[in-house]
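Next comes upload_32.cif, with mmCIF, C-alpha atoms; chains and numbers go by the auth columns.
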data_model
#
loop_
_atom_site.group_PDB
_atom_site.id
_atom_site.type_symbol
_atom_site.label_atom_id
_atom_site.label_comp_id
_atom_site.label_asym_id
_atom_site.label_seq_id
_atom_site.Cartn_x
_atom_site.Cartn_y
_atom_site.Cartn_z
_atom_site.B_iso_or_equiv
_atom_site.auth_seq_id
_atom_site.auth_asym_id
ATOM 1 C CA MET A 1 138.412 23.806 264.151 0.00 1 Z
ATOM 2 C CA THR A 2 138.152 20.017 263.924 0.00 2 Z
ATOM 3 C CA GLY A 3 139.880 17.957 261.251 0.00 3 Z
ATOM 4 C CA GLN A 4 136.650 17.034 259.523 0.00 4 Z
ATOM 5 C CA ARG A 5 135.517 20.643 259.445 0.00 5 Z
ATOM 6 C CA ILE A 6 138.870 21.759 258.027 0.00 6 Z
ATOM 7 C CA VAL A 7 138.626 19.181 255.249 0.00 7 Z
ATOM 8 C CA SER A 8 135.106 20.286 254.389 0.00 8 Z
ATOM 9 C CA TRP A 9 136.134 23.961 254.231 0.00 9 Z
ATOM 10 C CA VAL A 10 139.153 23.058 252.078 0.00 10 Z
ATOM 11 C CA GLY A 11 136.663 21.308 249.794 0.00 11 Z
ATOM 12 C CA VAL A 12 134.547 24.452 249.638 0.00 12 Z
ATOM 13 C CA LEU A 13 137.657 26.495 248.787 0.00 13 Z
ATOM 14 C CA ALA A 14 138.599 23.963 246.092 0.00 14 Z
ATOM 15 C CA GLY A 15 135.096 24.278 244.631 0.00 15 Z
ATOM 16 C CA LEU A 16 135.419 28.051 244.621 0.00 16 Z
ATOM 17 C CA ALA A 17 138.829 27.699 242.944 0.00 17 Z
ATOM 18 C CA VAL A 18 137.183 25.691 240.154 0.00 18 Z
ATOM 19 C CA VAL A 19 134.501 28.368 239.763 0.00 19 Z
ATOM 20 C CA VAL A 20 137.145 31.118 239.700 0.00 20 Z
ATOM 21 C CA GLY A 21 139.056 29.115 237.077 0.00 21 Z
ATOM 22 C CA VAL A 22 135.996 28.696 234.852 0.00 22 Z
ATOM 23 C CA LEU A 23 135.083 32.383 235.162 0.00 23 Z
ATOM 24 C CA GLY A 24 138.703 33.298 234.474 0.00 24 Z
ATOM 25 C CA SER A 25 138.665 31.162 231.337 0.00 25 Z
ATOM 26 C CA LEU A 26 135.567 32.998 230.094 0.00 26 Z
ATOM 27 C CA VAL A 27 137.222 36.360 230.659 0.00 27 Z
ATOM 28 C CA TRP A 28 140.459 35.118 229.090 0.00 28 Z
ATOM 29 C CA ALA A 29 138.654 33.871 225.974 0.00 29 Z
ATOM 30 C CA ARG A 30 136.752 37.149 225.710 0.00 30 Z
ATOM 31 C CA MET A 31 139.799 39.410 226.062 0.00 31 Z
ATOM 32 C CA VAL A 32 142.189 37.619 223.709 0.00 32 Z
ATOM 33 C CA HIS A 33 142.260 38.342 219.996 0.00 33 Z
ATOM 34 C CA LEU A 34 143.706 35.312 218.220 0.00 34 Z
ATOM 35 C CA PRO A 35 146.179 36.125 215.458 0.00 35 Z
ATOM 36 C CA VAL A 36 145.959 34.264 212.146 0.00 36 Z
ATOM 37 C CA TYR A 37 148.320 32.285 209.994 0.00 37 Z
ATOM 38 C CA VAL A 38 148.143 32.933 206.256 0.00 38 Z
ATOM 39 C CA ILE A 39 148.659 29.854 204.108 0.00 39 Z
ATOM 40 C CA GLY A 40 151.044 30.556 201.234 0.00 40 Z
ATOM 41 C CA PRO A 41 151.011 28.970 197.751 0.00 41 Z
ATOM 42 C CA ASP A 42 153.630 26.480 198.910 0.00 42 Z
ATOM 43 C CA HIS A 43 151.386 25.454 201.874 0.00 43 Z
ATOM 44 C CA VAL A 44 153.585 27.249 204.418 0.00 44 Z
ATOM 45 C CA ALA A 45 151.780 29.001 207.266 0.00 45 Z
ATOM 46 C CA VAL A 46 153.108 32.496 207.993 0.00 46 Z
ATOM 47 C CA MET A 47 152.237 34.843 210.851 0.00 47 Z
ATOM 48 C CA THR A 48 153.035 38.547 211.014 0.00 48 Z
ATOM 49 C CA GLU A 49 155.162 40.098 213.725 0.00 49 Z
ATOM 50 C CA ARG A 50 152.062 41.712 215.151 0.00 50 Z
ATOM 51 C CA GLY A 51 150.468 38.271 215.290 0.00 51 Z
ATOM 52 C CA HIS A 52 153.393 36.992 217.340 0.00 52 Z
ATOM 53 C CA SER A 53 152.951 39.861 219.785 0.00 53 Z
ATOM 54 C CA GLU A 54 149.268 38.957 220.112 0.00 54 Z
ATOM 55 C CA LEU A 55 150.350 35.443 221.136 0.00 55 Z
ATOM 56 C CA PHE A 56 152.310 36.963 224.004 0.00 56 Z
ATOM 57 C CA ALA A 57 149.338 39.179 224.853 0.00 57 Z
ATOM 58 C CA SER A 58 147.189 36.097 225.420 0.00 58 Z
ATOM 59 C CA ASP A 59 149.666 34.905 228.057 0.00 59 Z
ATOM 60 C CA ALA A 60 149.728 38.376 229.607 0.00 60 Z
ATOM 61 C CA TRP A 61 145.929 38.324 229.929 0.00 61 Z
ATOM 62 C CA PHE A 62 146.154 34.907 231.562 0.00 62 Z
ATOM 63 C CA VAL A 63 148.618 36.281 234.122 0.00 63 Z
ATOM 64 C CA ALA A 64 146.533 39.413 234.794 0.00 64 Z
ATOM 65 C CA ILE A 65 143.388 37.332 235.351 0.00 65 Z
ATOM 66 C CA GLY A 66 145.428 35.017 237.562 0.00 66 Z
ATOM 67 C CA LEU A 67 146.605 37.890 239.722 0.00 67 Z
ATOM 68 C CA VAL A 68 143.031 38.945 240.445 0.00 68 Z
ATOM 69 C CA GLY A 69 141.720 35.415 240.925 0.00 69 Z
ATOM 70 C CA GLY A 70 144.684 34.418 243.069 0.00 70 Z
ATOM 71 C CA LEU A 71 144.316 37.438 245.343 0.00 71 Z
ATOM 72 C CA VAL A 72 140.633 36.621 245.895 0.00 72 Z
ATOM 73 C CA LEU A 73 141.356 32.961 246.683 0.00 73 Z
ATOM 74 C CA GLY A 74 144.298 33.844 248.918 0.00 74 Z
ATOM 75 C CA GLY A 75 142.197 36.328 250.862 0.00 75 Z
ATOM 76 C CA LEU A 76 139.511 33.709 251.394 0.00 76 Z
ATOM 77 C CA ALA A 77 142.085 31.128 252.441 0.00 77 Z
ATOM 78 C CA TRP A 78 143.541 33.513 255.004 0.00 78 Z
ATOM 79 C CA SER A 79 140.176 34.553 256.406 0.00 79 Z
ATOM 80 C CA TRP A 80 138.992 30.944 256.744 0.00 80 Z
ATOM 81 C CA PHE A 81 142.174 29.139 257.793 0.00 81 Z
ATOM 82 C CA ARG A 82 144.433 31.661 259.561 0.00 82 Z
ATOM 83 C CA SER A 83 144.082 29.846 262.857 0.00 83 Z
ATOM 84 C CA LEU A 84 145.874 26.830 261.340 0.00 84 Z
ATOM 85 C CA GLY A 85 149.176 28.682 261.058 0.00 85 Z
ATOM 86 C CA TRP A 86 151.629 27.944 258.270 0.00 86 Z
ATOM 87 C CA PRO A 87 149.441 25.335 256.432 0.00 87 Z
ATOM 88 C CA VAL A 88 147.245 28.203 255.232 0.00 88 Z
ATOM 89 C CA VAL A 89 150.005 29.042 252.751 0.00 89 Z
ATOM 90 C CA LEU A 90 149.818 25.545 251.270 0.00 90 Z
ATOM 91 C CA ILE A 91 146.031 25.726 251.121 0.00 91 Z
ATOM 92 C CA ALA A 92 146.179 29.084 249.314 0.00 92 Z
ATOM 93 C CA LEU A 93 148.882 27.800 246.971 0.00 93 Z
ATOM 94 C CA GLY A 94 146.773 24.761 246.103 0.00 94 Z
ATOM 95 C CA ALA A 95 143.679 26.882 245.479 0.00 95 Z
ATOM 96 C CA GLY A 96 145.627 29.171 243.156 0.00 96 Z
ATOM 97 C CA LEU A 97 147.069 26.241 241.215 0.00 97 Z
ATOM 98 C CA VAL A 98 143.676 24.551 240.883 0.00 98 Z
ATOM 99 C CA ALA A 99 142.111 27.765 239.570 0.00 99 Z
ATOM 100 C CA GLY A 100 144.974 28.344 237.133 0.00 100 Z
ATOM 101 C CA LEU A 101 144.878 24.803 235.780 0.00 101 Z
ATOM 102 C CA VAL A 102 141.105 24.933 235.359 0.00 102 Z
ATOM 103 C CA CYS A 103 141.366 28.287 233.597 0.00 103 Z
ATOM 104 C CA ARG A 104 144.019 26.947 231.228 0.00 104 Z
ATOM 105 C CA GLU A 105 142.215 23.712 230.388 0.00 105 Z
ATOM 106 C CA ILE A 106 138.700 25.174 230.067 0.00 106 Z
ATOM 107 C CA GLY A 107 140.054 28.223 228.257 0.00 107 Z
ATOM 108 C CA GLN A 108 141.621 26.055 225.572 0.00 108 Z
ATOM 109 C CA LEU A 109 138.206 24.499 224.942 0.00 109 Z
ATOM 110 C CA TRP A 110 136.823 27.952 224.027 0.00 110 Z
ATOM 111 C CA GLY A 111 139.335 28.209 221.180 0.00 111 Z
ATOM 112 C CA PRO A 112 139.016 27.064 217.561 0.00 112 Z
ATOM 113 C CA GLY A 113 140.571 23.637 218.181 0.00 113 Z
ATOM 114 C CA PRO A 114 143.909 21.966 217.450 0.00 114 Z
ATOM 115 C CA LEU A 115 146.045 23.989 215.060 0.00 115 Z
ATOM 116 C CA ASP A 116 147.583 21.048 213.192 0.00 116 Z
ATOM 117 C CA VAL A 117 144.186 19.676 212.142 0.00 117 Z
ATOM 118 C CA ARG A 118 143.039 23.064 210.870 0.00 118 Z
ATOM 119 C CA LEU A 119 146.328 23.600 209.000 0.00 119 Z
ATOM 120 C CA ASP A 120 145.971 20.208 207.311 0.00 120 Z
ATOM 121 C CA HIS A 121 142.584 21.224 205.875 0.00 121 Z
ATOM 122 C CA ALA A 122 143.653 24.743 204.839 0.00 122 Z
ATOM 123 C CA ASN A 123 144.199 25.757 201.224 0.00 123 Z
ATOM 124 C CA PRO A 124 146.608 28.382 199.878 0.00 124 Z
ATOM 125 C CA GLY A 125 145.298 31.864 200.660 0.00 125 Z
ATOM 126 C CA ASP A 126 143.267 30.744 203.694 0.00 126 Z
ATOM 127 C CA THR A 127 143.667 32.351 207.092 0.00 127 Z
ATOM 128 C CA VAL A 128 143.804 30.013 210.067 0.00 128 Z
ATOM 129 C CA PRO A 129 143.452 31.381 213.632 0.00 129 Z
ATOM 130 C CA ALA A 130 146.204 30.408 216.018 0.00 130 Z
ATOM 131 C CA ALA A 131 145.472 27.909 218.757 0.00 131 Z
ATOM 132 C CA PHE A 132 143.980 29.366 221.909 0.00 132 Z
ATOM 133 C CA GLN A 133 146.424 28.076 224.476 0.00 133 Z
ATOM 134 C CA LEU A 134 148.849 29.113 227.134 0.00 134 Z
ATOM 135 C CA HIS A 135 152.261 29.456 225.503 0.00 135 Z
ATOM 136 C CA SER A 136 154.205 29.930 228.722 0.00 136 Z
ATOM 137 C CA PRO A 137 153.547 27.256 231.361 0.00 137 Z
ATOM 138 C CA ALA A 138 155.338 29.456 233.900 0.00 138 Z
ATOM 139 C CA ALA A 139 152.324 31.795 233.743 0.00 139 Z
ATOM 140 C CA LEU A 140 150.549 29.322 236.038 0.00 140 Z
ATOM 141 C CA ALA A 141 152.912 30.461 238.775 0.00 141 Z
ATOM 142 C CA ALA A 142 151.195 33.865 238.760 0.00 142 Z
ATOM 143 C CA TRP A 143 147.967 32.244 239.995 0.00 143 Z
ATOM 144 C CA ALA A 144 149.769 30.421 242.803 0.00 144 Z
ATOM 145 C CA MET A 145 151.936 33.352 243.884 0.00 145 Z
ATOM 146 C CA ALA A 146 148.994 35.750 243.859 0.00 146 Z
ATOM 147 C CA ALA A 147 147.053 33.340 246.078 0.00 147 Z
ATOM 148 C CA VAL A 148 149.942 33.127 248.547 0.00 148 Z
ATOM 149 C CA LEU A 149 150.489 36.903 248.669 0.00 149 Z
ATOM 150 C CA PRO A 150 147.504 37.802 250.914 0.00 150 Z
ATOM 151 C CA THR A 151 148.451 35.114 253.406 0.00 151 Z
ATOM 152 C CA LEU A 152 152.040 36.274 253.562 0.00 152 Z
ATOM 153 C CA LEU A 153 151.145 39.942 253.914 0.00 153 Z
ATOM 154 C CA ALA A 154 148.401 39.339 256.464 0.00 154 Z
ATOM 155 C CA SER A 155 150.579 37.085 258.584 0.00 155 Z
ATOM 156 C CA ALA A 156 153.508 39.501 258.478 0.00 156 Z
ATOM 157 C CA LEU A 157 151.606 42.757 258.930 0.00 157 Z
ATOM 158 C CA GLY A 158 148.399 41.742 260.690 0.00 158 Z
ATOM 159 C CA PRO A 159 147.753 41.158 264.367 0.00 159 Z
ATOM 160 C CA GLU A 160 149.011 37.977 265.965 0.00 160 Z
ATOM 161 C CA LEU A 161 146.527 35.439 267.196 0.00 161 Z
ATOM 162 C CA SER A 162 146.418 34.814 270.918 0.00 162 Z
ATOM 163 C CA PRO A 163 146.485 31.229 272.178 0.00 163 Z
ATOM 164 C CA HIS A 164 142.685 31.490 272.466 0.00 164 Z
ATOM 165 C CA GLY A 165 142.364 32.241 268.725 0.00 165 Z
ATOM 166 C CA ASP A 166 141.338 35.905 268.963 0.00 166 Z
ATOM 167 C CA ALA A 167 143.394 38.618 267.330 0.00 167 Z
ATOM 168 C CA GLY A 168 144.962 41.367 269.337 0.00 168 Z
ATOM 169 C CA PRO A 169 147.643 43.983 268.771 0.00 169 Z
ATOM 170 C CA ARG A 170 151.164 42.587 268.632 0.00 170 Z
ATOM 171 C CA GLY A 171 152.500 41.954 272.108 0.00 171 Z
ATOM 172 C CA ARG A 172 149.237 42.898 273.846 0.00 172 Z
ATOM 173 C CA ALA A 173 146.250 40.953 275.036 0.00 173 Z
ATOM 174 C CA ALA A 174 143.157 41.425 272.894 0.00 174 Z
ATOM 175 C CA GLY A 175 141.234 44.541 273.936 0.00 175 Z
ATOM 176 C CA SER A 176 143.835 45.580 276.509 0.00 176 Z
ATOM 177 C CA PRO A 177 145.766 48.860 276.244 0.00 177 Z
ATOM 178 C CA GLU A 178 148.348 47.459 278.657 0.00 178 Z
ATOM 179 C CA PRO A 179 151.071 44.975 277.788 0.00 179 Z
ATOM 180 C CA ALA A 180 150.105 41.384 278.468 0.00 180 Z
ATOM 181 C CA PRO A 181 151.438 40.074 281.780 0.00 181 Z
ATOM 182 C CA ILE A 182 154.316 37.633 281.619 0.00 182 Z
ATOM 183 C CA ASP A 183 153.935 34.425 283.591 0.00 183 Z
ATOM 184 C CA GLN A 184 157.027 34.202 285.816 0.00 184 Z
ATOM 185 C CA ASP A 185 156.334 30.601 286.874 0.00 185 Z
ATOM 186 C CA ALA A 186 156.987 29.120 283.442 0.00 186 Z
#

What would you get if you wrote out this structure as structure tokens?
Amino acid sequence: MTGQRIVSWVGVLAGLAVVVGVLGSLVWARMVHLPVYVIGPDHVAVMTERGHSELFASDAWFVAIGLVGGLVLGGLAWSWFRSLGWPVVLIALGAGLVAGLVCREIGQLWGPGPLDVRLDHANPGDTVPAAFQLHSPAALAAWAMAAVLPTLLASALGPELSPHGDAGPRGRAAGSPEPAPIDQDA
């Protein structure tokens, strides 16, 4: 694979990562139920304990969507770039991070908007939905690690590539039931 062709395929994978991120944000916004703050007579916003658990559930949905999206992107990265060797891990990692960042940023746009502005305009007795955002930035790591997982498993458990780029059983020439001959002159 030539350098220009590799760059173009990395661009295609980056485009797919953006699409996966946007689709993930749609699923994330659809699956999450935003808890509400209740504005008290003294203008203090209070959330129930159940509401706090729903905040954590939104991060859990983000991670679950990231695991699926990351596995898909990592599988594509491995199938397209396995002949490159170890850089395929970096390509998969980048695709997972791009998809996760896009999901987070686009997902926050699906929410009701900044919480502080809505709290400023709230009156006592009003209910104000919580902000639709990722509360744990470490959840982005799930997207990246899930994207790297297929490449790591395939490289560790799959057939090795011969110097000609075709896959064969470990220690054997492709298509040969006999062990590959060893060149004694080297």

Next item on the list: Tell me which residues the PyMOL selection byres ((chain Z and resi 142-147) around 7) grabs here, as an NGL selection string.
Entry: :Z and (63 or 66-67 or 70-71 or 73-74 or 92-93 or 96-97 or 100 or 139-141 or 148-150)

Item checked: Between atom CA of Z:Thr151 and atom CA of Z:Gly11 - distance in Å to one decimal -> 18.5 Å

Next item on the list: Can you give me, as a PyMOL selection string, the residues this file yields under the PyMOL selection byres ((chain Z and resi 60) around 12)?
Entry: chain Z and resi 28+31-32+53-59+61-67+133-140+142

Give the padded box for stretch 130-140 of chain Z as lines of an AutoDock Vina configuration file: axis-aligned, covering all atoms listed in the file, 3 Å on each side, centre and edge lengths in Å to one decimal.
center_x = 149.7
center_y = 29.5
center_z = 226.0
size_x = 17.4
size_y = 10.5
size_z = 26.0

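Between atom CA of Z:Gly107 and atom CA of Z:Leu16 the interatomic distance comes to 17.0 Å.
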
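In this structure, atom CA of Z:Pro129 sits 18.2 Å away from atom CA of Z:Arg104.
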
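Excluding Z:Gly21 itself and any same-chain residue fewer than 6 positions from it, the protein and nucleic acid residues within 8 Å of it, counting all atoms listed in the file, are Gly69, Val98, Ala99, Gly100, Leu101, Val102, Cys103 and Arg104 of chain Z.
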
Can you list what the PyMOL selection byres ((chain Z and resi 110) around 9) grabs from this structure, as a short mmCIF file (atom, residue, chain, number, x, y, z; two decimals) with C-alpha atoms, in the frame of the given file?
data_model
loop_
_atom_site.label_atom_id
_atom_site.label_comp_id
_atom_site.auth_asym_id
_atom_site.auth_seq_id
_atom_site.Cartn_x
_atom_site.Cartn_y
_atom_site.Cartn_z
CA SER Z 25 138.66 31.16 231.34
CA LEU Z 26 135.57 33.00 230.09
CA ALA Z 29 138.65 33.87 225.97
CA ILE Z 106 138.70 25.17 230.07
CA GLY Z 107 140.05 28.22 228.26
CA GLN Z 108 141.62 26.06 225.57
CA LEU Z 109 138.21 24.50 224.94
CA GLY Z 111 139.34 28.21 221.18
CA PRO Z 112 139.02 27.06 217.56
CA GLY Z 113 140.57 23.64 218.18
CA PHE Z 132 143.98 29.37 221.91
#

Next item on the list: Find, counting all atoms listed in the file, the residue in Z:Gly24, Z:Thr48, Z:Pro35, Z:Trp80 that gets nearest to Z:Ser8.
Entry: Z:Trp80

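Distances here use only C-alpha atoms; by that measure, the residue among Z:Val68, Z:His33, Z:His43, Z:Leu152 closest to Z:Ala122 is Z:His43.
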
Next item on the list: Write out as a list in words the residues lying within 9 Å of Z:Gly125, counting all atoms listed in the file and excluding same-chain residues fewer than 4 positions away.
Entry: Val38, Ile39, Gly40, Pro41 and His43 of chain Z

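By chain and then residue number, the residues within 6 Å of Z:Ala17 are Ala14, Gly15, Val19, Val20, Ala95 and Ala99 of chain Z, counting all atoms listed in the file and disregarding those fewer than 2 positions away in sequence.
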
Using the partial input, fill out stretch 83-98 of chain Z with N, CA and C atoms; write the result as a PDB file, in the frame of the given file.
ATOM      1  N   SER Z  83     143.803  30.449 261.560  1.00  0.00           N
ATOM      2  CA  SER Z  83     144.082  29.846 262.857  1.00  0.00           C
ATOM      3  C   SER Z  83     144.920  28.575 262.734  1.00  0.00           C
ATOM      4  N   LEU Z  84     145.065  28.030 261.536  1.00  0.00           N
ATOM      5  CA  LEU Z  84     145.874  26.830 261.340  1.00  0.00           C
ATOM      6  C   LEU Z  84     147.369  27.110 261.360  1.00  0.00           C
ATOM      7  N   GLY Z  85     147.751  28.352 261.113  1.00  0.00           N
ATOM      8  CA  GLY Z  85     149.176  28.682 261.058  1.00  0.00           C
ATOM      9  C   GLY Z  85     149.725  28.527 259.648  1.00  0.00           C
ATOM     10  N   TRP Z  86     150.944  28.003 259.561  1.00  0.00           N
ATOM     11  CA  TRP Z  86     151.629  27.944 258.270  1.00  0.00           C
ATOM     12  C   TRP Z  86     150.920  27.105 257.204  1.00  0.00           C
ATOM     13  N   PRO Z  87     150.105  26.092 257.510  1.00  0.00           N
ATOM     14  CA  PRO Z  87     149.441  25.335 256.432  1.00  0.00           C
ATOM     15  C   PRO Z  87     148.511  26.178 255.565  1.00  0.00           C
ATOM     16  N   VAL Z  88     148.113  27.351 256.050  1.00  0.00           N
ATOM     17  CA  VAL Z  88     147.245  28.203 255.232  1.00  0.00           C
ATOM     18  C   VAL Z  88     147.951  28.605 253.935  1.00  0.00           C
ATOM     19  N   VAL Z  89     149.265  28.699 253.965  1.00  0.00           N
ATOM     20  CA  VAL Z  89     150.005  29.042 252.751  1.00  0.00           C
ATOM     21  C   VAL Z  89     149.872  27.915 251.731  1.00  0.00           C
ATOM     22  N   LEU Z  90     149.967  26.681 252.181  1.00  0.00           N
ATOM     23  CA  LEU Z  90     149.818  25.545 251.270  1.00  0.00           C
ATOM     24  C   LEU Z  90     148.404  25.446 250.723  1.00  0.00           C
ATOM     25  N   ILE Z  91     147.429  25.748 251.568  1.00  0.00           N
ATOM     26  CA  ILE Z  91     146.031  25.726 251.121  1.00  0.00           C
ATOM     27  C   ILE Z  91     145.807  26.801 250.057  1.00  0.00           C
ATOM     28  N   ALA Z  92     146.326  28.002 250.291  1.00  0.00           N
ATOM     29  CA  ALA Z  92     146.179  29.084 249.314  1.00  0.00           C
ATOM     30  C   ALA Z  92     146.914  28.747 248.022  1.00  0.00           C
ATOM     31  N   LEU Z  93     148.107  28.189 248.143  1.00  0.00           N
ATOM     32  CA  LEU Z  93     148.882  27.800 246.971  1.00  0.00           C
ATOM     33  C   LEU Z  93     148.120  26.768 246.140  1.00  0.00           C
ATOM     34  N   GLY Z  94     147.557  25.779 246.803  1.00  0.00           N
ATOM     35  CA  GLY Z  94     146.773  24.761 246.103  1.00  0.00           C
ATOM     36  C   GLY Z  94     145.553  25.343 245.417  1.00  0.00           C
ATOM     37  N   ALA Z  95     144.863  26.258 246.089  1.00  0.00           N
ATOM     38  CA  ALA Z  95     143.679  26.882 245.479  1.00  0.00           C
ATOM     39  C   ALA Z  95     144.068  27.677 244.240  1.00  0.00           C
ATOM     40  N   GLY Z  96     145.171  28.411 244.317  1.00  0.00           N
ATOM     41  CA  GLY Z  96     145.627  29.171 243.156  1.00  0.00           C
ATOM     42  C   GLY Z  96     146.005  28.275 241.989  1.00  0.00           C
ATOM     43  N   LEU Z  97     146.690  27.165 242.286  1.00  0.00           N
ATOM     44  CA  LEU Z  97     147.069  26.241 241.215  1.00  0.00           C
ATOM     45  C   LEU Z  97     145.852  25.564 240.588  1.00  0.00           C
ATOM     46  N   VAL Z  98     144.899  25.171 241.418  1.00  0.00           N
ATOM     47  CA  VAL Z  98     143.676  24.551 240.883  1.00  0.00           C
ATOM     48  C   VAL Z  98     142.957  25.533 239.958  1.00  0.00           C
TER      49      VAL Z  98
END
